[in-house]
Each structure stands twice: as structure tokens, then as C-alpha cells.
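J.: This is the content of entry32.txt (compact mmCIF, C-alpha atoms and all ligand atoms):
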# COMPACT_ATOMS: atom_id res chain seq x y z
CA MET T 4 132.77 219.21 89.29
CA LEU T 5 130.92 217.22 92.00
CA ARG T 6 127.19 217.48 92.60
CA MET T 7 125.01 215.61 95.10
CA ARG T 8 121.25 215.88 95.06
CA ASP T 9 119.07 214.46 97.84
CA VAL T 10 121.78 211.98 98.76
CA THR T 11 121.21 209.81 101.82
CA ARG T 12 123.20 206.93 103.25
CA THR T 13 121.60 204.57 105.71
CA TYR T 14 122.99 201.42 107.26
CA ASP T 15 120.76 198.61 108.34
CA ASP T 16 122.05 197.29 111.63
CA GLY T 17 118.78 195.68 112.74
CA ARG T 18 117.51 199.23 113.09
CA PRO T 19 118.36 201.84 110.44
CA VAL T 20 121.35 204.15 111.06
CA TYR T 21 121.05 207.46 109.20
CA ALA T 22 124.74 208.13 108.52
CA LEU T 23 123.91 210.90 106.03
CA ARG T 24 120.55 212.64 105.79
CA SER T 25 119.24 214.25 102.60
CA THR T 26 122.18 216.22 101.27
CA ALA T 27 122.51 218.64 98.35
CA LEU T 28 126.06 219.85 97.71
CA HIS T 29 128.05 221.22 94.84
CA ILE T 30 131.85 221.38 94.74
CA ALA T 31 133.36 223.48 91.96
CA VAL T 32 136.70 223.05 90.20
CA GLY T 33 139.43 224.62 92.33
CA ASP T 34 137.40 224.64 95.56
CA TYR T 35 139.18 223.95 98.85
CA VAL T 36 136.53 222.44 101.12
CA SER T 37 136.95 221.28 104.71
CA ILE T 38 134.50 219.00 106.51
CA THR T 39 134.35 219.03 110.30
CA GLY T 40 132.00 217.60 112.89
CA PRO T 41 131.92 215.33 115.94
CA SER T 42 133.01 211.71 115.82
CA GLY T 43 130.30 209.57 114.24
CA SER T 44 128.55 212.56 112.63
CA GLY T 45 128.99 211.26 109.07
CA LYS T 46 132.18 212.93 107.80
CA SER T 47 133.83 209.79 106.46
CA THR T 48 130.51 208.63 105.01
CA LEU T 49 130.25 211.92 103.08
CA LEU T 50 133.87 211.72 101.90
CA ASN T 51 133.50 208.08 100.83
CA LEU T 52 130.39 208.96 98.82
CA PHE T 53 132.18 211.85 97.14
CA GLY T 54 135.15 209.58 96.40
CA LEU T 55 132.97 206.81 94.90
CA LEU T 56 134.18 204.46 97.64
CA ASP T 57 130.56 204.07 98.71
CA VAL T 58 127.15 204.26 97.02
CA PRO T 59 124.25 206.47 98.18
CA SER T 60 121.14 204.73 99.49
CA THR T 61 119.07 207.30 97.60
CA GLY T 62 119.72 210.37 95.48
CA SER T 63 121.96 211.45 92.63
CA TYR T 64 125.69 212.09 92.47
CA GLU T 65 127.30 213.58 89.35
CA VAL T 66 131.01 213.83 88.62
CA GLY T 67 131.83 216.24 85.81
CA GLY T 68 128.17 216.26 84.80
CA ALA T 69 127.89 212.47 84.53
CA GLU T 70 125.57 210.55 86.85
CA THR T 71 127.41 207.92 88.88
CA VAL T 72 124.52 206.35 90.80
CA GLY T 73 123.56 203.15 89.02
CA CYS T 74 126.62 203.04 86.81
CA GLY T 75 128.78 199.95 86.98
CA GLN T 76 131.79 199.16 89.14
CA ALA T 77 134.15 199.49 86.15
CA ILE T 78 133.14 203.09 85.48
CA ARG T 79 133.30 203.97 89.16
CA SER T 80 136.82 202.53 89.42
CA ALA T 81 137.89 204.35 86.29
CA ILE T 82 136.75 207.69 87.71
CA ARG T 83 138.45 206.90 91.03
CA GLY T 84 141.69 206.05 89.25
CA GLN T 85 141.74 208.87 86.72
CA VAL T 86 140.01 211.80 88.39
CA PHE T 87 140.37 211.25 92.13
CA GLY T 88 143.25 210.92 94.58
CA PHE T 89 143.05 209.84 98.23
CA VAL T 90 145.03 210.55 101.39
CA PHE T 91 144.12 208.90 104.69
CA GLN T 92 145.11 209.36 108.31
CA ALA T 93 147.02 206.06 108.36
CA PHE T 94 149.48 206.51 105.55
CA HIS T 95 149.05 203.02 104.02
CA LEU T 96 152.60 202.85 102.67
CA LEU T 97 154.21 199.51 101.87
CA PRO T 98 157.12 198.61 104.14
CA GLY T 99 160.08 197.00 102.43
CA ARG T 100 159.66 199.28 99.41
CA THR T 101 161.38 202.61 98.99
CA ALA T 102 159.52 205.91 99.18
CA LEU T 103 160.01 206.20 95.42
CA GLU T 104 158.49 202.76 94.76
CA ASN T 105 155.56 203.62 97.01
CA VAL T 106 154.90 206.79 95.01
CA GLU T 107 155.20 204.92 91.70
CA ILE T 108 152.29 202.74 92.79
CA GLY T 109 150.13 205.86 92.52
CA SER T 110 150.37 205.83 88.72
CA LEU T 111 150.37 202.05 88.26
CA TYR T 112 146.95 201.97 86.60
CA GLY T 113 147.55 205.00 84.42
CA PRO T 114 148.68 205.22 80.79
CA HIS T 115 152.37 205.89 81.46
CA SER T 116 155.46 203.81 80.78
CA ARG T 117 157.61 202.62 83.66
CA ARG T 118 160.17 205.29 82.93
CA LYS T 119 157.61 208.06 82.82
CA ARG T 120 156.12 206.80 86.10
CA ARG T 121 159.52 206.94 87.75
CA LYS T 122 159.96 210.51 86.49
CA LEU T 123 156.54 211.57 87.78
CA ALA T 124 157.20 209.93 91.16
CA THR T 125 160.61 211.59 91.46
CA GLU T 126 159.11 214.97 90.67
CA ALA T 127 156.27 214.50 93.14
CA LEU T 128 158.68 213.57 95.93
CA GLU T 129 160.96 216.51 95.15
CA ARG T 130 157.96 218.78 95.26
CA MET T 131 157.07 217.40 98.71
CA GLY T 132 160.59 218.28 99.87
CA LEU T 133 161.62 214.62 99.97
CA GLY T 134 164.16 214.50 97.15
CA HIS T 135 166.81 213.38 99.65
CA ARG T 136 164.62 210.58 101.14
CA MET T 137 163.52 208.82 97.96
CA LEU T 138 165.33 205.56 98.70
CA ALA T 139 164.28 205.38 102.36
CA ASP T 140 162.01 202.65 103.64
CA PRO T 141 158.80 204.20 105.04
CA ARG T 142 159.68 202.65 108.42
CA GLN T 143 162.70 204.95 108.56
CA LEU T 144 160.62 208.08 107.96
CA SER T 145 158.91 210.37 110.46
CA GLY T 146 155.11 210.64 110.50
CA GLY T 147 155.24 213.92 108.62
CA GLU T 148 157.54 212.48 105.97
CA ARG T 149 155.30 209.44 105.59
CA GLN T 150 152.27 211.59 105.03
CA ARG T 151 154.15 213.66 102.44
CA VAL T 152 155.05 210.40 100.64
CA ALA T 153 151.36 209.44 100.74
CA ILE T 154 150.41 212.82 99.27
CA ALA T 155 153.08 212.42 96.56
CA ARG T 156 151.62 208.99 95.75
CA ALA T 157 148.11 210.50 95.52
CA VAL T 158 149.10 213.39 93.24
CA THR T 159 151.49 211.51 90.94
CA ALA T 160 148.55 210.23 88.91
CA GLN T 161 147.58 213.91 88.41
CA PRO T 162 144.05 213.73 89.82
CA GLN T 163 141.60 216.60 89.52
CA VAL T 164 140.19 216.14 93.01
CA LEU T 165 142.10 215.10 96.14
CA PHE T 166 140.12 213.66 99.06
CA CYS T 167 141.83 213.65 102.46
CA ASP T 168 140.38 211.96 105.56
CA GLU T 169 142.14 213.33 108.67
CA PRO T 170 145.42 213.89 106.80
CA THR T 171 147.04 215.39 109.89
CA GLY T 172 145.38 213.09 112.43
CA ASN T 173 148.65 211.34 113.30
CA LEU T 174 150.93 214.38 113.07
CA ASP T 175 152.37 216.89 115.53
CA SER T 176 151.82 220.60 114.97
CA GLU T 177 155.03 221.14 113.01
CA ASN T 178 154.29 218.31 110.55
CA THR T 179 150.67 219.42 110.38
CA ALA T 180 151.84 222.85 109.26
CA ALA T 181 154.07 221.29 106.58
CA VAL T 182 151.20 219.18 105.22
CA MET T 183 148.88 222.20 105.26
CA THR T 184 151.40 224.22 103.25
CA LEU T 185 151.56 221.44 100.66
CA LEU T 186 147.79 221.24 100.41
CA ARG T 187 147.57 225.02 99.99
CA GLU T 188 150.13 224.91 97.17
CA LEU T 189 148.38 222.03 95.42
CA ASN T 190 145.09 223.96 95.59
CA ALA T 191 146.80 227.11 94.27
CA ASP T 192 147.89 225.00 91.26
CA GLY T 193 144.24 224.16 90.57
CA LEU T 194 143.71 220.89 92.43
CA THR T 195 140.25 220.64 94.02
CA LEU T 196 140.57 219.61 97.67
CA VAL T 197 138.07 218.02 100.05
CA VAL T 198 139.56 217.57 103.52
CA VAL T 199 137.90 215.92 106.54
CA THR T 200 139.50 217.10 109.77
CA HIS T 201 138.76 217.47 113.46
CA ASP T 202 141.49 220.12 113.72
CA PRO T 203 139.99 223.64 113.57
CA VAL T 204 143.30 225.09 112.38
CA VAL T 205 143.33 222.73 109.39
CA ALA T 206 139.64 223.44 108.70
CA GLU T 207 140.23 227.22 108.77
CA GLU T 208 142.70 226.87 105.93
CA ALA T 209 139.93 225.92 103.49
CA GLY T 210 138.10 228.58 101.53
CA ARG T 211 134.85 226.75 102.15
CA ARG T 212 133.92 225.01 105.38
CA LEU T 213 131.24 222.37 105.81
CA ARG T 214 130.03 221.04 109.12
CA VAL T 215 128.32 217.67 109.66
CA THR T 216 126.11 217.13 112.70
CA ASP T 217 124.14 213.89 113.06
CA GLY T 218 124.29 213.28 109.33
CA VAL T 219 123.16 216.81 108.42
CA VAL T 220 125.58 218.93 106.37
CA SER T 221 125.64 222.72 106.68
CA GLU T 222 127.96 225.48 105.47
CA ALA T 223 129.98 226.69 108.47
N1 LIG M 301 129.65 200.09 107.87
C1 LIG M 301 128.82 200.66 108.75
N2 LIG M 301 127.79 199.96 109.28
C2 LIG M 301 126.93 200.53 110.16
N3 LIG M 301 127.02 201.80 110.57
C3 LIG M 301 128.02 202.53 110.10
C4 LIG M 301 128.97 202.02 109.17
N4 LIG M 301 129.87 203.00 108.86
C5 LIG M 301 129.49 204.09 109.57
N5 LIG M 301 128.38 203.81 110.32
C6 LIG M 301 127.68 204.75 111.19
O1 LIG M 301 127.38 205.93 110.47
C7 LIG M 301 127.58 207.08 111.27
C8 LIG M 301 128.60 208.00 110.62
O2 LIG M 301 129.87 207.38 110.59
P1 LIG M 301 131.16 208.09 109.97
O3 LIG M 301 130.81 208.67 108.67
O4 LIG M 301 132.28 207.10 110.00
O5 LIG M 301 131.45 209.26 111.03
P2 LIG M 301 132.70 210.21 111.23
O6 LIG M 301 133.65 210.00 110.11
O7 LIG M 301 132.13 211.60 111.28
O8 LIG M 301 133.30 209.85 112.56
C9 LIG M 301 128.01 206.57 112.63
O9 LIG M 301 126.85 206.49 113.44
C10 LIG M 301 128.55 205.21 112.34
O10 LIG M 301 128.41 204.36 113.46
MG MG M 302 135.70 209.40 110.11
Write the structure described by the file as C-alpha cells, please.

T.:
Amino acid sequence: MLRMRDVTRTYDDGRPVYALRSTALHIAVGDYVSITGPSGSGKSTLLNLFGLLDVPSTGSYEVGGAETVGCGQAIRSAIRGQVFGFVFQAFHLLPGRTALENVEIGSLYGPHSRRKRRKLATEALERMGLGHRMLADPRQLSGGERQRVAIARAVTAQPQVLFCDEPTGNLDSENTAAVMTLLRELNADGLTLVVVTHDPVVAEEAGRRLRVTDGVVSEA
């Protein structure tokens, strides 16, 4: 599904910063991969490269067998919109819109009619156990509920791969457990998951664990 070969990412801040050193990684369909490591080790850099939110400084990155390095912004956006979904630590929900409207945004750039999008969003929220909170403003929701809305928004476009950067970073242990259960179920249904976390309990949940130290990735 996803294959990196000799990928590096350096930043030039007067002197070069090696955010990711030469990396070869393959993620198969249906994998559940966690990425851990100290702050500043390169976890978000790796996730952003996988998610086509960033471009490698060198190397090759294939999605579904197609090379993405050197291809244009339009193709990269199309893959991001059609194949990938994203969940971040800060939920990035729009205040002043209902939970349902927030989830509908997830399929805005897809092929579906307005009615179909509403149906998909309703189903996604019900699946996240939020059928009774669909008309709530995100400001009225708990952190755990907000993150479940954000996950519903990410999966409503029916991505093949879901990337999560510290999805439980703002949650207490009870809400963390609820989000972990949802991720496990989504993976059981065939969704490929790549989850950055500093929480060892969340990392343990994944079938495959990667560790990043000073920009070097290893299987944990
Ligand atoms: N836009 C940037 N410009 C310069 N350096 C950056 C930038 N983004 C990240 N870095 C550096 O790259 C390294 C890895 O960062 P990051 O991937 O965000 O780490 P993590 O997510 O593990 O905390 C750090 O040394 C960080 O300072
Ligand atoms: Mg990070």
C-alpha cells in the first residue's frame, strides 16, 4: 500500500536539521502501525511524509504502486482526498456548526450528492456512538466526543488509510480507551491505520510498532 525507499527529510535552518534519516518502510493493506519516540525525534515528519502533507528531500515514496515524488500538487491532493484520512491531536472542528455538519465536511470533495453525504455522516456518527449528539455544537462536547466527531469526519470519505497524530493526546484515560476501541474496530473492518503516539498503551494496541530516535526508524 505505502512504500518508502531511502527517504530523507532535512530542513535548512542555517545548518541542516536531519528530521528523518534514510528510511525504507513498507505498510501493507490492513496493517495497524504505531509510531513512538521522544519529542523532536521525527514522528510527525514521518507521518506527514506518509500522508503526502510533506515531500521527501530525497528518495522514493509509492502509494498503491504509484510513485508520488515528483508528481504534481493536483495528484498529491487527489490521493490525500480519496485514499487518506487524517486525525490530529487538536480536533480542528468548526465551532458554530453542528457535529453532523462538521462530519459532512469530510466528504465535501468526494463524488457524493448532498443527501448521500448527510447519510454517510449520520452513519459515521452513529457508529462512533454519537447518534444522540449530532446536532450539538463542538463547544458543547467533551474532548472524547470531539475526537470521535473528528474520526467520523475522517472516515466518512471512506479512506483506505487513516493517519492519526497523537489522537489521544488531549484525552483522559477513559476517552483514550473509547478512541482506541474505535480504531481497533475500524482496523478490523480493513482500514489501514498509522498512529503516532507517546502513550505506550496506545502504541501496544497496534500489531506493528515502529520507533523513531533522532530521525532513525526501527521496528520496536
Ligand atoms: N518546519 C521545520 N523547520 C525546521 N525544523 C523542523 C521543522 N519541522 C520539524 N523540524 C525539526 O525536525 C525534527 C523532527 O520534528 P518532528 O517530526 O515534529 O518531531 P516529533 O513529531 O517526533 O516531535 C525536530 O528536530 C524539529 O525541530
Ligand atoms: Mg509530533

J.: In terms of the shortest atom-to-atom distance over all atoms listed in the file, which of T:Gly62, T:Pro98, T:Pro114, T:Gly172 is closest to ligand MG 302 (chain M)?

T.: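 Using all atoms listed in the file, ligand MG 302 (chain M) sits closest to T:Gly172.
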
J.: Could you work out how far atom CA of T:Ala160 lies from atom CA of T:Ser110, giving the answer in Å with one decimal?

T.: 4.8 Å

J.: Within 9 Å of (151.7, 213.7, 88.8), all atoms listed in the file: residues as a ChimeraX atom specification?

T.: /T:109-110,120,123-124,126-127,155-162

J.: Would you compute the distance between atom CA of T:Pro41 and atom O6 of ligand LIG 301 (chain M)? Give it in Å to one decimal.

T.: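 Straight-line distance from atom CA of T:Pro41 to atom O6 of ligand LIG 301 (chain M) works out to 8.1 Å.
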
J.: For the contact check between chain T and ligand LIG 301 (chain M), emit one row per residue of chain T within 9 Å, containing the shortest atom pair and the distance in Å rounded to one decimal, counting all atoms listed in the file, chain then rising number order, as a Markdown table.

T.:
| residue | atom | partner | partner_atom | distance |
| --- | --- | --- | --- | --- |
| T:Arg12 | CA | M:LIG301 | O1 | 8.4 |
| T:Thr13 | CA | M:LIG301 | O1 | 7.6 |
| T:Tyr14 | CA | M:LIG301 | C2 | 5.0 |
| T:Asp15 | CA | M:LIG301 | C2 | 6.7 |
| T:Asp16 | CA | M:LIG301 | C2 | 6.0 |
| T:Pro19 | CA | M:LIG301 | N3 | 8.7 |
| T:Val20 | CA | M:LIG301 | N3 | 6.2 |
| T:Tyr21 | CA | M:LIG301 | O1 | 6.6 |
| T:Ala22 | CA | M:LIG301 | O1 | 4.0 |
| T:Leu23 | CA | M:LIG301 | C8 | 7.2 |
| T:Thr39 | CA | M:LIG301 | O7 | 7.8 |
| T:Gly40 | CA | M:LIG301 | O7 | 6.2 |
| T:Pro41 | CA | M:LIG301 | O7 | 6.0 |
| T:Ser42 | CA | M:LIG301 | O8 | 3.8 |
| T:Gly43 | CA | M:LIG301 | O5 | 3.4 |
| T:Ser44 | CA | M:LIG301 | O7 | 3.9 |
| T:Gly45 | CA | M:LIG301 | O3 | 3.2 |
| T:Lys46 | CA | M:LIG301 | O7 | 3.7 |
| T:Ser47 | CA | M:LIG301 | O6 | 3.7 |
| T:Thr48 | CA | M:LIG301 | O3 | 3.7 |
| T:Leu49 | CA | M:LIG301 | O3 | 6.5 |
| T:Leu50 | CA | M:LIG301 | O3 | 8.0 |
| T:Asn51 | CA | M:LIG301 | O3 | 8.3 |
| T:Asp168 | CA | M:LIG301 | O6 | 8.4 |
| T:Val199 | CA | M:LIG301 | O6 | 8.1 |
| T:Val215 | CA | M:LIG301 | O7 | 7.3 |
| T:Thr216 | CA | M:LIG301 | O7 | 8.3 |
| T:Asp217 | CA | M:LIG301 | C8 | 7.8 |
| T:Gly218 | CA | M:LIG301 | C8 | 6.9 |

J.: Between atom CA of T:Val197 and atom CA of T:Ala209, what is the distance, to one decimal in Å?

T.: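 Answer for the atom CA of T:Val197 to atom CA of T:Ala209 separation: 8.8 Å.
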
J.: Taking all atoms listed in the file into account, name the residue in T:Ser176, T:Phe91, T:Leu128, T:Val219 that is nearest to ligand MG 302 (chain M).

T.: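 Looking only at the distances to ligand MG 302 (chain M), the closest residue turns out to be T:Phe91.
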
J.: Tell me which protein, DNA and RNA residues are within 12 Å of T:Leu144, counting only C-alpha atoms, leaving out same-chain ones fewer than 2 positions away, and put them as a list of chain:residue names.

T.: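 Skipping anything fewer than 2 positions along the chain leaves T:Phe94, T:Leu96, T:Pro98, T:Thr101, T:Ala102, T:Leu133, T:His135, T:Arg136, T:Met137, T:Leu138, T:Ala139, T:Asp140, T:Pro141, T:Arg142, T:Gly146, T:Gly147, T:Glu148, T:Arg149, T:Gln150, T:Arg151, T:Val152, T:Ala153.
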
J.: Need the shell around T:Ser63: protein/DNA/RNA residues with any atom at most 12 Å away, counting all atoms listed in the file. Skip same-chain ones fewer than 5 positions apart. Format as a PyMOL selection string?

T.: chain T and resi 5-12+25-29+52-53+58+68-74

J.: Can you pull out the residues contacting T:Ala31? Cut-off 10 Å, using only C-alpha atoms, and skip same-chain residues under 5 positions away; I want them as a list in words.

T.: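 Close residues of T:Ala31: Met4, Leu5, Arg6, Val36, Gly67, Thr195 and Leu196 of chain T.
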
J.: Of the candidates T:Lys122, T:His201, T:Arg117, T:Arg100, which one gets nearest to ligand MG 302 (chain M) if we count all atoms listed in the file?

T.: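 Smallest separation from ligand MG 302 (chain M) among the options: T:His201.
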
J.: Which residue, T:Glu107, T:Asn178, T:Phe89, T:Leu56, has the smallest gap to T:Gln76 when you use all atoms listed in the file?

T.: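 Ranked by minimum distance to T:Gln76, first place goes to T:Leu56.
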
J.: For each of T:Leu185, T:Val198, T:Ala223, T:Ala206, take the minimum atom-to-atom distance to ligand MG 302 (chain M), counting all atoms listed in the file, then give the residue where this is smallest.

T.: T:Val198

J.: Here is a test: counting only C-alpha atoms, which residue of T:Leu165, T:Val32, T:Val220, T:Leu189 is nearest to T:Val86?

T.: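 Among T:Leu165, T:Val32, T:Val220, T:Leu189, it is T:Leu165 that comes nearest to T:Val86.
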
J.: Quick one: what's the axis-aligned box for stretch 94-102 of chain T, all listed atoms, 4 Å on every side, centre and edges in Å to one decimal, as JSON?

T.:
{"center_x": 155.2, "center_y": 201.8, "center_z": 102.3, "size_x": 20.3, "size_y": 17.5, "size_z": 14.6}

J.: Generate the coordinates of all heavy atoms for stretch 176-187 of chain T; report them as a PDB file, keeping the file's coordinate frame.

T.:
ATOM      1  N   SER T 176     152.216 219.316 115.558  1.00  0.00           N
ATOM      2  CA  SER T 176     151.820 220.600 114.970  1.00  0.00           C
ATOM      3  C   SER T 176     152.781 221.040 113.868  1.00  0.00           C
ATOM      4  O   SER T 176     152.367 221.615 112.863  1.00  0.00           O
ATOM      5  CB  SER T 176     151.698 221.672 116.046  1.00  0.00           C
ATOM      6  OG  SER T 176     152.914 221.791 116.741  1.00  0.00           O
ATOM      7  N   GLU T 177     154.057 220.723 114.026  1.00  0.00           N
ATOM      8  CA  GLU T 177     155.030 221.140 113.010  1.00  0.00           C
ATOM      9  C   GLU T 177     154.776 220.414 111.687  1.00  0.00           C
ATOM     10  O   GLU T 177     154.734 221.025 110.616  1.00  0.00           O
ATOM     11  CB  GLU T 177     156.437 220.805 113.522  1.00  0.00           C
ATOM     12  CG  GLU T 177     157.545 221.463 112.760  1.00  0.00           C
ATOM     13  CD  GLU T 177     158.893 221.131 113.409  1.00  0.00           C
ATOM     14  OE1 GLU T 177     158.957 221.071 114.658  1.00  0.00           O
ATOM     15  OE2 GLU T 177     159.844 220.895 112.657  1.00  0.00           O
ATOM     16  N   ASN T 178     154.577 219.088 111.754  1.00  0.00           N
ATOM     17  CA  ASN T 178     154.290 218.310 110.550  1.00  0.00           C
ATOM     18  C   ASN T 178     152.923 218.650 109.972  1.00  0.00           C
ATOM     19  O   ASN T 178     152.734 218.629 108.754  1.00  0.00           O
ATOM     20  CB  ASN T 178     154.405 216.824 110.846  1.00  0.00           C
ATOM     21  CG  ASN T 178     155.847 216.361 110.859  1.00  0.00           C
ATOM     22  OD1 ASN T 178     156.571 216.582 109.893  1.00  0.00           O
ATOM     23  ND2 ASN T 178     156.274 215.767 111.952  1.00  0.00           N
ATOM     24  N   THR T 179     151.980 218.966 110.848  1.00  0.00           N
ATOM     25  CA  THR T 179     150.670 219.420 110.380  1.00  0.00           C
ATOM     26  C   THR T 179     150.823 220.670 109.532  1.00  0.00           C
ATOM     27  O   THR T 179     150.241 220.783 108.443  1.00  0.00           O
ATOM     28  CB  THR T 179     149.740 219.706 111.585  1.00  0.00           C
ATOM     29  OG1 THR T 179     149.475 218.476 112.255  1.00  0.00           O
ATOM     30  CG2 THR T 179     148.420 220.324 111.149  1.00  0.00           C
ATOM     31  N   ALA T 180     151.631 221.598 110.006  1.00  0.00           N
ATOM     32  CA  ALA T 180     151.840 222.850 109.260  1.00  0.00           C
ATOM     33  C   ALA T 180     152.465 222.567 107.898  1.00  0.00           C
ATOM     34  O   ALA T 180     152.076 223.162 106.890  1.00  0.00           O
ATOM     35  CB  ALA T 180     152.724 223.794 110.077  1.00  0.00           C
ATOM     36  N   ALA T 181     153.421 221.616 107.849  1.00  0.00           N
ATOM     37  CA  ALA T 181     154.070 221.290 106.580  1.00  0.00           C
ATOM     38  C   ALA T 181     153.059 220.701 105.593  1.00  0.00           C
ATOM     39  O   ALA T 181     153.035 221.057 104.407  1.00  0.00           O
ATOM     40  CB  ALA T 181     155.219 220.313 106.810  1.00  0.00           C
ATOM     41  N   VAL T 182     152.212 219.796 106.082  1.00  0.00           N
ATOM     42  CA  VAL T 182     151.200 219.180 105.220  1.00  0.00           C
ATOM     43  C   VAL T 182     150.193 220.233 104.747  1.00  0.00           C
ATOM     44  O   VAL T 182     149.789 220.261 103.578  1.00  0.00           O
ATOM     45  CB  VAL T 182     150.508 218.002 105.942  1.00  0.00           C
ATOM     46  CG1 VAL T 182     149.226 217.585 105.240  1.00  0.00           C
ATOM     47  CG2 VAL T 182     151.459 216.814 106.036  1.00  0.00           C
ATOM     48  N   MET T 183     149.813 221.138 105.649  1.00  0.00           N
ATOM     49  CA  MET T 183     148.880 222.200 105.260  1.00  0.00           C
ATOM     50  C   MET T 183     149.454 223.099 104.175  1.00  0.00           C
ATOM     51  O   MET T 183     148.743 223.511 103.261  1.00  0.00           O
ATOM     52  CB  MET T 183     148.506 223.043 106.485  1.00  0.00           C
ATOM     53  CG  MET T 183     147.469 222.363 107.357  1.00  0.00           C
ATOM     54  SD  MET T 183     147.327 223.167 108.955  1.00  0.00           S
ATOM     55  CE  MET T 183     146.754 224.785 108.471  1.00  0.00           C
ATOM     56  N   THR T 184     150.750 223.402 104.280  1.00  0.00           N
ATOM     57  CA  THR T 184     151.400 224.220 103.250  1.00  0.00           C
ATOM     58  C   THR T 184     151.340 223.516 101.904  1.00  0.00           C
ATOM     59  O   THR T 184     151.008 224.133 100.882  1.00  0.00           O
ATOM     60  CB  THR T 184     152.871 224.488 103.646  1.00  0.00           C
ATOM     61  OG1 THR T 184     152.878 225.155 104.900  1.00  0.00           O
ATOM     62  CG2 THR T 184     153.583 225.341 102.603  1.00  0.00           C
ATOM     63  N   LEU T 185     151.607 222.202 101.907  1.00  0.00           N
ATOM     64  CA  LEU T 185     151.560 221.440 100.660  1.00  0.00           C
ATOM     65  C   LEU T 185     150.162 221.457 100.059  1.00  0.00           C
ATOM     66  O   LEU T 185     149.985 221.646  98.855  1.00  0.00           O
ATOM     67  CB  LEU T 185     151.978 219.991 100.908  1.00  0.00           C
ATOM     68  CG  LEU T 185     153.471 219.761 101.091  1.00  0.00           C
ATOM     69  CD1 LEU T 185     153.727 218.319 101.475  1.00  0.00           C
ATOM     70  CD2 LEU T 185     154.202 220.110  99.807  1.00  0.00           C
ATOM     71  N   LEU T 186     149.168 221.259 100.905  1.00  0.00           N
ATOM     72  CA  LEU T 186     147.790 221.240 100.410  1.00  0.00           C
ATOM     73  C   LEU T 186     147.430 222.604  99.812  1.00  0.00           C
ATOM     74  O   LEU T 186     146.807 222.684  98.751  1.00  0.00           O
ATOM     75  CB  LEU T 186     146.808 220.869 101.529  1.00  0.00           C
ATOM     76  CG  LEU T 186     146.913 219.427 102.060  1.00  0.00           C
ATOM     77  CD1 LEU T 186     145.905 219.192 103.185  1.00  0.00           C
ATOM     78  CD2 LEU T 186     146.700 218.409 100.942  1.00  0.00           C
ATOM     79  N   ARG T 187     147.842 223.665 100.489  1.00  0.00           N
ATOM     80  CA  ARG T 187     147.570 225.020  99.990  1.00  0.00           C
ATOM     81  C   ARG T 187     148.198 225.215  98.616  1.00  0.00           C
ATOM     82  O   ARG T 187     147.590 225.763  97.698  1.00  0.00           O
ATOM     83  CB  ARG T 187     148.116 226.040 100.979  1.00  0.00           C
ATOM     84  CG  ARG T 187     147.659 227.465 100.738  1.00  0.00           C
ATOM     85  CD  ARG T 187     148.434 228.464 101.610  1.00  0.00           C
ATOM     86  NE  ARG T 187     148.516 228.013 102.999  1.00  0.00           N
ATOM     87  CZ  ARG T 187     149.629 228.021 103.737  1.00  0.00           C
ATOM     88  NH1 ARG T 187     150.782 228.440 103.226  1.00  0.00           N
ATOM     89  NH2 ARG T 187     149.604 227.600 104.985  1.00  0.00           N
TER      90      ARG T 187
END
